$ cat structure-v6.pdb   # PDB, C-alpha atoms, pLDDT in the B column
MODEL        1
ATOM      1  CA  MET A   1       0.000   0.000   0.000  1.00 73.00           C
ATOM      2  CA  ASN A   2       1.624   3.262  -1.050  1.00 87.00           C
ATOM      3  CA  GLN A   3       1.047   6.785   0.248  1.00 90.00           C
ATOM      4  CA  GLN A   4      -1.199   7.725  -2.691  1.00 90.00           C
ATOM      5  CA  VAL A   5      -3.694   5.047  -1.654  1.00 91.00           C
ATOM      6  CA  LEU A   6      -3.678   6.369   1.921  1.00 92.00           C
ATOM      7  CA  ASN A   7      -4.151   9.919   0.649  1.00 92.00           C
ATOM      8  CA  TRP A   8      -7.209   8.944  -1.375  1.00 92.00           C
ATOM      9  CA  ALA A   9      -8.586   6.906   1.528  1.00 93.00           C
ATOM     10  CA  TYR A  10      -8.383  10.062   3.640  1.00 93.00           C
ATOM     11  CA  ILE A  11     -10.167  12.159   1.005  1.00 93.00           C
ATOM     12  CA  VAL A  12     -12.983   9.609   0.642  1.00 94.00           C
ATOM     13  CA  MET A  13     -13.503   9.473   4.417  1.00 95.00           C
ATOM     14  CA  LEU A  14     -13.346  13.270   4.712  1.00 93.00           C
ATOM     15  CA  VAL A  15     -16.089  13.574   2.091  1.00 94.00           C
ATOM     16  CA  MET A  16     -18.112  10.956   4.024  1.00 95.00           C
ATOM     17  CA  VAL A  17     -17.864  13.087   7.189  1.00 94.00           C
ATOM     18  CA  ILE A  18     -18.863  16.271   5.385  1.00 92.00           C
ATOM     19  CA  VAL A  19     -21.886  14.642   3.735  1.00 94.00           C
ATOM     20  CA  LEU A  20     -22.942  12.924   6.970  1.00 92.00           C
ATOM     21  CA  ARG A  21     -22.698  16.151   8.954  1.00 89.00           C
ATOM     22  CA  LYS A  22     -24.709  18.115   6.369  1.00 88.00           C
ATOM     23  CA  ILE A  23     -27.451  15.472   6.362  1.00 89.00           C
ATOM     24  CA  HIS A  24     -27.755  15.596  10.149  1.00 86.00           C
ATOM     25  CA  GLU A  25     -27.569  19.402  10.252  1.00 83.00           C
ATOM     26  CA  ARG A  26     -30.547  19.562   7.893  1.00 83.00           C
ATOM     27  CA  LYS A  27     -32.488  16.974   9.891  1.00 81.00           C
ATOM     28  CA  SER A  28     -31.955  18.842  13.152  1.00 75.00           C
ATOM     29  CA  GLY A  29     -33.297  22.062  11.687  1.00 72.00           C
ATOM     30  CA  ARG A  30     -30.880  24.034  13.843  1.00 63.00           C
ATOM     31  CA  GLU A  31     -28.848  26.910  12.545  1.00 62.00           C
ATOM     32  CA  ARG A  32     -25.260  27.608  13.518  1.00 59.00           C
ATOM     33  CA  LYS A  33     -25.033  30.190  16.289  1.00 64.00           C
ATOM     34  CA  LEU A  34     -21.639  30.958  17.696  1.00 64.00           C
ATOM     35  CA  LYS A  35     -22.810  34.095  19.515  1.00 67.00           C
ATOM     36  CA  GLU A  36     -22.020  32.748  22.992  1.00 73.00           C
ATOM     37  CA  THR A  37     -18.886  30.831  21.996  1.00 79.00           C
ATOM     38  CA  PRO A  38     -15.643  32.292  23.400  1.00 83.00           C
ATOM     39  CA  VAL A  39     -13.325  33.752  20.763  1.00 87.00           C
ATOM     40  CA  ILE A  40     -10.522  31.318  21.672  1.00 87.00           C
ATOM     41  CA  GLU A  41     -12.827  28.398  20.865  1.00 85.00           C
ATOM     42  CA  ILE A  42     -13.836  29.917  17.536  1.00 87.00           C
ATOM     43  CA  VAL A  43     -10.171  30.446  16.624  1.00 90.00           C
ATOM     44  CA  MET A  44      -9.389  26.859  17.620  1.00 91.00           C
ATOM     45  CA  MET A  45     -12.359  25.469  15.657  1.00 89.00           C
ATOM     46  CA  VAL A  46     -11.315  27.375  12.533  1.00 92.00           C
ATOM     47  CA  SER A  47      -7.695  26.235  13.001  1.00 94.00           C
ATOM     48  CA  TRP A  48      -8.844  22.647  13.405  1.00 94.00           C
ATOM     49  CA  GLY A  49     -10.996  22.948  10.273  1.00 92.00           C
ATOM     50  CA  LEU A  50      -7.974  24.131   8.301  1.00 94.00           C
ATOM     51  CA  ALA A  51      -5.811  21.330   9.708  1.00 95.00           C
ATOM     52  CA  ALA A  52      -8.435  18.677   8.934  1.00 93.00           C
ATOM     53  CA  GLY A  53      -9.749  19.950   5.611  1.00 92.00           C
ATOM     54  CA  VAL A  54      -7.239  22.271   3.932  1.00 94.00           C
ATOM     55  CA  LEU A  55      -3.762  21.096   4.916  1.00 96.00           C
ATOM     56  CA  PRO A  56      -4.293  17.444   3.895  1.00 96.00           C
ATOM     57  CA  PRO A  57      -5.038  18.260   0.218  1.00 95.00           C
ATOM     58  CA  LEU A  58      -2.182  20.770   0.251  1.00 95.00           C
ATOM     59  CA  TYR A  59       0.086  17.950   1.462  1.00 95.00           C
ATOM     60  CA  MET A  60      -1.301  15.457  -1.051  1.00 94.00           C
ATOM     61  CA  PHE A  61      -1.241  17.559  -4.199  1.00 94.00           C
ATOM     62  CA  THR A  62       1.734  19.895  -3.688  1.00 95.00           C
ATOM     63  CA  ASP A  63       5.215  19.701  -2.210  1.00 94.00           C
ATOM     64  CA  PHE A  64       4.546  22.767  -0.066  1.00 95.00           C
ATOM     65  CA  LEU A  65       4.408  20.795   3.225  1.00 95.00           C
ATOM     66  CA  ASP A  66       7.207  18.306   2.465  1.00 94.00           C
ATOM     67  CA  PHE A  67       9.426  19.963   5.080  1.00 94.00           C
ATOM     68  CA  ALA A  68       7.079  18.600   7.787  1.00 95.00           C
ATOM     69  CA  ASP A  69       7.108  14.966   6.597  1.00 93.00           C
ATOM     70  CA  LEU A  70       7.607  12.300   9.238  1.00 90.00           C
ATOM     71  CA  PRO A  71       9.794   9.266   8.489  1.00 88.00           C
ATOM     72  CA  LEU A  72       7.069   6.749   9.278  1.00 80.00           C
ATOM     73  CA  GLY A  73       7.375   3.357   7.671  1.00 82.00           C
ATOM     74  CA  MET A  74       4.907   0.493   7.526  1.00 87.00           C
ATOM     75  CA  PRO A  75       2.335   2.149   5.241  1.00 86.00           C
ATOM     76  CA  PHE A  76       0.206  -1.017   5.121  1.00 88.00           C
ATOM     77  CA  ILE A  77      -0.159  -1.226   8.918  1.00 92.00           C
ATOM     78  CA  ARG A  78      -0.567   2.558   9.253  1.00 92.00           C
ATOM     79  CA  GLY A  79      -3.163   2.483   6.495  1.00 93.00           C
ATOM     80  CA  ILE A  80      -5.214  -0.292   8.074  1.00 95.00           C
ATOM     81  CA  LEU A  81      -5.093   1.208  11.579  1.00 96.00           C
ATOM     82  CA  GLY A  82      -5.701   4.749  10.332  1.00 95.00           C
ATOM     83  CA  THR A  83      -8.663   3.655   8.228  1.00 96.00           C
ATOM     84  CA  ILE A  84     -10.165   1.639  11.100  1.00 97.00           C
ATOM     85  CA  LEU A  85      -9.837   4.598  13.480  1.00 97.00           C
ATOM     86  CA  PHE A  86     -11.276   7.083  10.995  1.00 96.00           C
ATOM     87  CA  LEU A  87     -14.185   4.798  10.023  1.00 97.00           C
ATOM     88  CA  THR A  88     -14.908   4.139  13.711  1.00 97.00           C
ATOM     89  CA  GLY A  89     -14.999   7.908  14.203  1.00 96.00           C
ATOM     90  CA  ILE A  90     -17.430   8.289  11.303  1.00 97.00           C
ATOM     91  CA  ALA A  91     -19.686   5.588  12.759  1.00 97.00           C
ATOM     92  CA  MET A  92     -19.535   7.235  16.200  1.00 97.00           C
ATOM     93  CA  LEU A  93     -20.428  10.614  14.690  1.00 95.00           C
ATOM     94  CA  HIS A  94     -23.388   9.117  12.826  1.00 95.00           C
ATOM     95  CA  LEU A  95     -24.683   7.246  15.892  1.00 96.00           C
ATOM     96  CA  SER A  96     -24.311  10.374  18.038  1.00 94.00           C
ATOM     97  CA  HIS A  97     -26.431  12.350  15.608  1.00 92.00           C
ATOM     98  CA  ILE A  98     -29.048   9.588  15.459  1.00 93.00           C
ATOM     99  CA  ASN A  99     -29.226   9.398  19.263  1.00 94.00           C
ATOM    100  CA  LEU A 100     -29.559  13.174  19.643  1.00 89.00           C
ATOM    101  CA  GLY A 101     -31.998  13.617  16.772  1.00 85.00           C
ATOM    102  CA  ARG A 102     -33.422  17.133  16.698  1.00 81.00           C
ATOM    103  CA  LEU A 103     -31.692  18.014  19.981  1.00 81.00           C
ATOM    104  CA  TRP A 104     -28.345  18.351  18.186  1.00 82.00           C
ATOM    105  CA  SER A 105     -26.898  21.807  17.703  1.00 76.00           C
ATOM    106  CA  PRO A 106     -23.388  23.029  16.885  1.00 73.00           C
ATOM    107  CA  THR A 107     -23.222  24.581  20.353  1.00 72.00           C
ATOM    108  CA  VAL A 108     -24.563  23.418  23.684  1.00 72.00           C
ATOM    109  CA  ASN A 109     -27.543  25.537  24.612  1.00 74.00           C
ATOM    110  CA  PRO A 110     -29.750  23.273  26.721  1.00 73.00           C
ATOM    111  CA  ASP A 111     -32.945  24.649  28.151  1.00 71.00           C
ATOM    112  CA  ASP A 112     -35.840  23.353  30.239  1.00 72.00           C
ATOM    113  CA  SER A 113     -37.587  21.915  27.173  1.00 75.00           C
ATOM    114  CA  HIS A 114     -34.666  19.546  26.471  1.00 82.00           C
ATOM    115  CA  LYS A 115     -34.247  16.091  27.898  1.00 88.00           C
ATOM    116  CA  LEU A 116     -30.969  14.450  28.828  1.00 91.00           C
ATOM    117  CA  VAL A 117     -30.092  11.880  26.170  1.00 93.00           C
ATOM    118  CA  ARG A 118     -28.698   8.698  27.737  1.00 93.00           C
ATOM    119  CA  ALA A 119     -29.489   6.212  24.973  1.00 93.00           C
ATOM    120  CA  GLY A 120     -27.202   4.583  22.444  1.00 95.00           C
ATOM    121  CA  VAL A 121     -23.604   5.790  22.488  1.00 96.00           C
ATOM    122  CA  TYR A 122     -24.593   8.332  25.144  1.00 96.00           C
ATOM    123  CA  SER A 123     -25.141   5.453  27.573  1.00 95.00           C
ATOM    124  CA  MET A 124     -21.355   4.991  27.749  1.00 96.00           C
ATOM    125  CA  ILE A 125     -19.850   8.345  26.734  1.00 97.00           C
ATOM    126  CA  ARG A 126     -21.011  11.896  27.490  1.00 96.00           C
ATOM    127  CA  HIS A 127     -19.343  13.458  24.445  1.00 95.00           C
ATOM    128  CA  PRO A 128     -19.322  10.824  21.685  1.00 96.00           C
ATOM    129  CA  MET A 129     -19.109  13.443  18.917  1.00 94.00           C
ATOM    130  CA  TYR A 130     -15.804  14.533  20.394  1.00 95.00           C
ATOM    131  CA  THR A 131     -14.778  10.887  20.598  1.00 97.00           C
ATOM    132  CA  ALA A 132     -15.501  10.728  16.871  1.00 96.00           C
ATOM    133  CA  HIS A 133     -13.291  13.735  16.196  1.00 96.00           C
ATOM    134  CA  VAL A 134     -10.429  12.343  18.298  1.00 97.00           C
ATOM    135  CA  LEU A 135     -10.643   9.009  16.445  1.00 97.00           C
ATOM    136  CA  TRP A 136     -10.687  10.924  13.148  1.00 95.00           C
ATOM    137  CA  GLY A 137      -7.566  12.827  14.253  1.00 96.00           C
ATOM    138  CA  MET A 138      -5.786   9.628  15.222  1.00 97.00           C
ATOM    139  CA  GLY A 139      -6.677   8.084  11.877  1.00 96.00           C
ATOM    140  CA  GLN A 140      -5.543  11.209  10.046  1.00 96.00           C
ATOM    141  CA  ALA A 141      -2.182  11.174  11.866  1.00 95.00           C
ATOM    142  CA  LEU A 142      -1.612   7.559  10.791  1.00 95.00           C
ATOM    143  CA  LEU A 143      -2.790   8.016   7.205  1.00 95.00           C
ATOM    144  CA  LEU A 144      -0.862  11.222   6.525  1.00 95.00           C
ATOM    145  CA  PRO A 145       2.733  11.067   7.846  1.00 94.00           C
ATOM    146  CA  ASN A 146       3.209  14.821   8.030  1.00 94.00           C
ATOM    147  CA  VAL A 147       3.207  16.958  11.175  1.00 95.00           C
ATOM    148  CA  LEU A 148       0.998  19.668   9.656  1.00 95.00           C
ATOM    149  CA  ALA A 149      -1.316  17.599   7.443  1.00 95.00           C
ATOM    150  CA  GLY A 150      -1.516  14.582   9.728  1.00 94.00           C
ATOM    151  CA  SER A 151      -0.879  15.232  13.424  1.00 95.00           C
ATOM    152  CA  LEU A 152      -1.821  18.895  13.806  1.00 96.00           C
ATOM    153  CA  ALA A 153      -5.590  18.262  13.596  1.00 95.00           C
ATOM    154  CA  LEU A 154      -5.449  15.787  16.497  1.00 95.00           C
ATOM    155  CA  PHE A 155      -3.437  18.251  18.596  1.00 95.00           C
ATOM    156  CA  LEU A 156      -5.831  21.123  17.846  1.00 95.00           C
ATOM    157  CA  MET A 157      -8.959  19.043  18.541  1.00 94.00           C
ATOM    158  CA  SER A 158      -7.513  17.776  21.825  1.00 94.00           C
ATOM    159  CA  THR A 159      -6.621  21.326  22.860  1.00 94.00           C
ATOM    160  CA  LEU A 160     -10.082  22.606  21.897  1.00 92.00           C
ATOM    161  CA  LEU A 161     -11.702  19.926  24.055  1.00 93.00           C
ATOM    162  CA  VAL A 162      -9.747  21.085  27.105  1.00 92.00           C
ATOM    163  CA  PHE A 163     -11.561  24.445  26.795  1.00 89.00           C
ATOM    164  CA  ARG A 164     -14.900  23.327  25.437  1.00 90.00           C
ATOM    165  CA  ILE A 165     -15.917  20.264  27.463  1.00 93.00           C
ATOM    166  CA  PRO A 166     -15.853  21.909  30.918  1.00 93.00           C
ATOM    167  CA  ARG A 167     -17.984  24.802  29.601  1.00 90.00           C
ATOM    168  CA  GLU A 168     -20.460  22.392  28.000  1.00 90.00           C
ATOM    169  CA  GLU A 169     -20.662  20.228  31.091  1.00 94.00           C
ATOM    170  CA  GLN A 170     -21.348  23.291  33.239  1.00 93.00           C
ATOM    171  CA  ALA A 171     -24.181  24.254  30.876  1.00 90.00           C
ATOM    172  CA  MET A 172     -25.621  20.744  31.232  1.00 92.00           C
ATOM    173  CA  LEU A 173     -25.286  20.903  35.039  1.00 94.00           C
ATOM    174  CA  ASP A 174     -27.056  24.274  35.067  1.00 93.00           C
ATOM    175  CA  VAL A 175     -30.095  22.738  33.348  1.00 91.00           C
ATOM    176  CA  PHE A 176     -30.116  19.097  34.498  1.00 92.00           C
ATOM    177  CA  ASP A 177     -28.371  19.457  37.886  1.00 92.00           C
ATOM    178  CA  ASP A 178     -28.404  16.151  39.840  1.00 94.00           C
ATOM    179  CA  GLU A 179     -29.575  14.122  36.855  1.00 95.00           C
ATOM    180  CA  TYR A 180     -26.436  15.189  34.970  1.00 95.00           C
ATOM    181  CA  ARG A 181     -24.212  14.606  38.036  1.00 96.00           C
ATOM    182  CA  GLN A 182     -25.483  11.018  38.219  1.00 96.00           C
ATOM    183  CA  TYR A 183     -24.913  10.652  34.484  1.00 96.00           C
ATOM    184  CA  MET A 184     -21.341  11.924  34.934  1.00 95.00           C
ATOM    185  CA  ASN A 185     -20.722   9.252  37.567  1.00 95.00           C
ATOM    186  CA  THR A 186     -21.726   6.419  35.238  1.00 94.00           C
ATOM    187  CA  THR A 187     -20.180   7.527  31.937  1.00 96.00           C
ATOM    188  CA  GLY A 188     -16.803   8.585  30.601  1.00 95.00           C
ATOM    189  CA  ARG A 189     -16.195  12.002  29.067  1.00 94.00           C
ATOM    190  CA  ILE A 190     -14.662  10.964  25.754  1.00 94.00           C
ATOM    191  CA  PHE A 191     -14.029   7.263  26.181  1.00 93.00           C
ATOM    192  CA  PRO A 192     -16.126   4.715  28.107  1.00 92.00           C
ATOM    193  CA  LYS A 193     -15.461   4.544  31.818  1.00 87.00           C
ATOM    194  CA  ILE A 194     -13.449   1.511  32.791  1.00 80.00           C
ATOM    195  CA  PHE A 195     -14.103   0.174  36.242  1.00 59.00           C
TER     196      PHE A 195
ENDMDL
END

$ encode --input "structure-v6.pdb" --output "structure tokens"
Amino acid sequence: MNQQVLNWAYIVMLVMVIVLRKIHERKSGRERKLKETPVIEIVMMVSWGLAAGVLPPLYMFTDFLDFADLPLGMPFIRGILGTILFLTGIAMLHLSHINLGRLWSPTVNPDDSHKLVRAGVYSMIRHPMYTAHVLWGMGQALLLPNVLAGSLALFLMSTLLVFRIPREEQAMLDVFDDEYRQYMNTTGRIFPKIF
């Protein structure tokens, strides 16, 4: 398996994510509102978007990012593992959207009319959409052996989550109080809780 195959695998999976997200955005009927999102989070989300969607094609179709190449061998093993991680992330993203249904929004703005979703992937993980993005980032890092086109997206997503998850969990606690505290005790943040 050569690097060109891995590059095209990444592009196909990236298109899958974009199409999947657009389908679920339409179904939810929610519009994007970043009004209450801190500027640092917006900057990090835009940076992550560039690292996940713009830098990979730049790496694949030009020699502009060659200076950041990593000397990673074993393209067959990297390709299999990277593809498995990315596809698992896509499946997790899809299931998260299905479980949330019309409650999904690009930002967390729960109110008294919402109910706490504990079904499906939410029965094990409180933030499965972020799990999906971390798995995507891990897959991207394996598929694209370049610091900027491969690993940077995972770093940026992980950094974004350090800021975003505590703010989202506080918003959930403000609305659901003890119900959310109990939920926190039985589930993991990004990965399932292990005894």

$ atom_distance --input "structure-v6.pdb" --atom1 "atom CA of Met92 of chain A" --atom2 "atom CA of Ala132 of chain A"
5.4 Å

$ atom_distance --input "structure-v6.pdb" --atom1 "atom CA of Val15 of chain A" --atom2 "atom CA of Leu143 of chain A"
15.3 Å

$ resolve_selection --input "structure-v6.pdb" --expression "the PyMOL selection byres ((chain A and resi 167) around 12)" --output "VMD selection string"
chain A and resid 36 to 38 41 107 to 109 160 to 166 168 to 174

$ closest_residue --input "structure-v6.pdb" --among "A:Met45, A:Ala141, A:Leu116, A:Leu20" --to "Asn7 of chain A" --atoms "all atoms listed in the file"
A:Ala141

$ residues_near_point --input "structure-v6.pdb" --point "(-12.5, 18.9, 7.6)" --cutoff "9 Å" --atoms "all atoms listed in the file" --output "ChimeraX atom specification"
/A:14-15,17-18,48-54

$ resolve_selection --input "structure-v6.pdb" --expression "the PyMOL selection byres ((chain A and resi 111) around 9)" --output "ChimeraX atom specification"
/A:109-110,112-115,172,175-176

$ write_last_selection --input "structure-v6.pdb" --atoms "C-alpha atoms" --output "compact mmCIF listing (two decimals), keeping the file's coordinate frame"
# COMPACT_ATOMS: atom_id res chain seq x y z
CA ASN A 109 -27.54 25.54 24.61
CA PRO A 110 -29.75 23.27 26.72
CA ASP A 112 -35.84 23.35 30.24
CA SER A 113 -37.59 21.92 27.17
CA HIS A 114 -34.67 19.55 26.47
CA LYS A 115 -34.25 16.09 27.90
CA MET A 172 -25.62 20.74 31.23
CA VAL A 175 -30.10 22.74 33.35
CA PHE A 176 -30.12 19.10 34.50

$ closest_residue --input "structure-v6.pdb" --among "A:Pro192, A:Gln4, A:Ala119, A:Asn146" --to "Phe61 of chain A" --atoms "all atoms listed in the file"
A:Gln4

$ closest_residue --input "structure-v6.pdb" --among "A:Gly101, A:Pro75, A:Gly120, A:Gly139" --to "Leu87 of chain A" --atoms "only C-alpha atoms"
A:Gly139

$ resolve_selection --input "structure-v6.pdb" --expression "the PyMOL selection byres ((chain A and resi 67) around 12)" --output "MDAnalysis selection string"
chainID A and resid 59 62:66 68:71 145:149

$ atom_distance --input "structure-v6.pdb" --atom1 "atom CA of Ile77 of chain A" --atom2 "atom CA of Tyr10 of chain A"
14.9 Å

$ closest_residue --input "structure-v6.pdb" --among "A:Asn2, A:Ile11, A:Thr88, A:Thr159" --to "Ser47 of chain A" --atoms "only C-alpha atoms"
A:Thr159

$ axis_aligned_box --input "structure-v6.pdb" --around "segment 147-154 of chain A" --padding-each-side "8 Å" --output "lines of an AutoDock Vina configuration file"
center_x = -1.2
center_y = 17.1
center_z = 12.0
size_x = 24.8
size_y = 21.1
size_z = 25.1

$ closest_residue --input "structure-v6.pdb" --among "A:Val121, A:Ala153, A:Met74, A:Met13" --to "Val134 of chain A" --atoms "only C-alpha atoms"
A:Ala153

$ closest_residue --input "structure-v6.pdb" --among "A:His97, A:Arg118, A:Arg78, A:Arg126" --to "Lys193 of chain A" --atoms "all atoms listed in the file"
A:Arg126

$ residues_around --input "structure-v6.pdb" --residues "segment 182-191 of chain A" --least-positions-apart "2" --cutoff "6 Å" --atoms "only C-alpha atoms" --output "list in words"
Met124, Ile125, Arg126, His127, Thr131, Glu179, Tyr180 and Lys193 of chain A

$ closest_atom_pairs --input "structure-v6.pdb" --of "segment 57-96 of chain A" --to "segment 24-29 of chain A" --cutoff "12 Å" --atoms "only C-alpha atoms" --output "JSON lines"
{"residue": "A:Leu93", "atom": "CA", "partner": "A:His24", "partner_atom": "CA", "distance": 10.0}
{"residue": "A:His94", "atom": "CA", "partner": "A:His24", "partner_atom": "CA", "distance": 8.3}
{"residue": "A:Leu95", "atom": "CA", "partner": "A:His24", "partner_atom": "CA", "distance": 10.6}
{"residue": "A:Ser96", "atom": "CA", "partner": "A:His24", "partner_atom": "CA", "distance": 10.1}
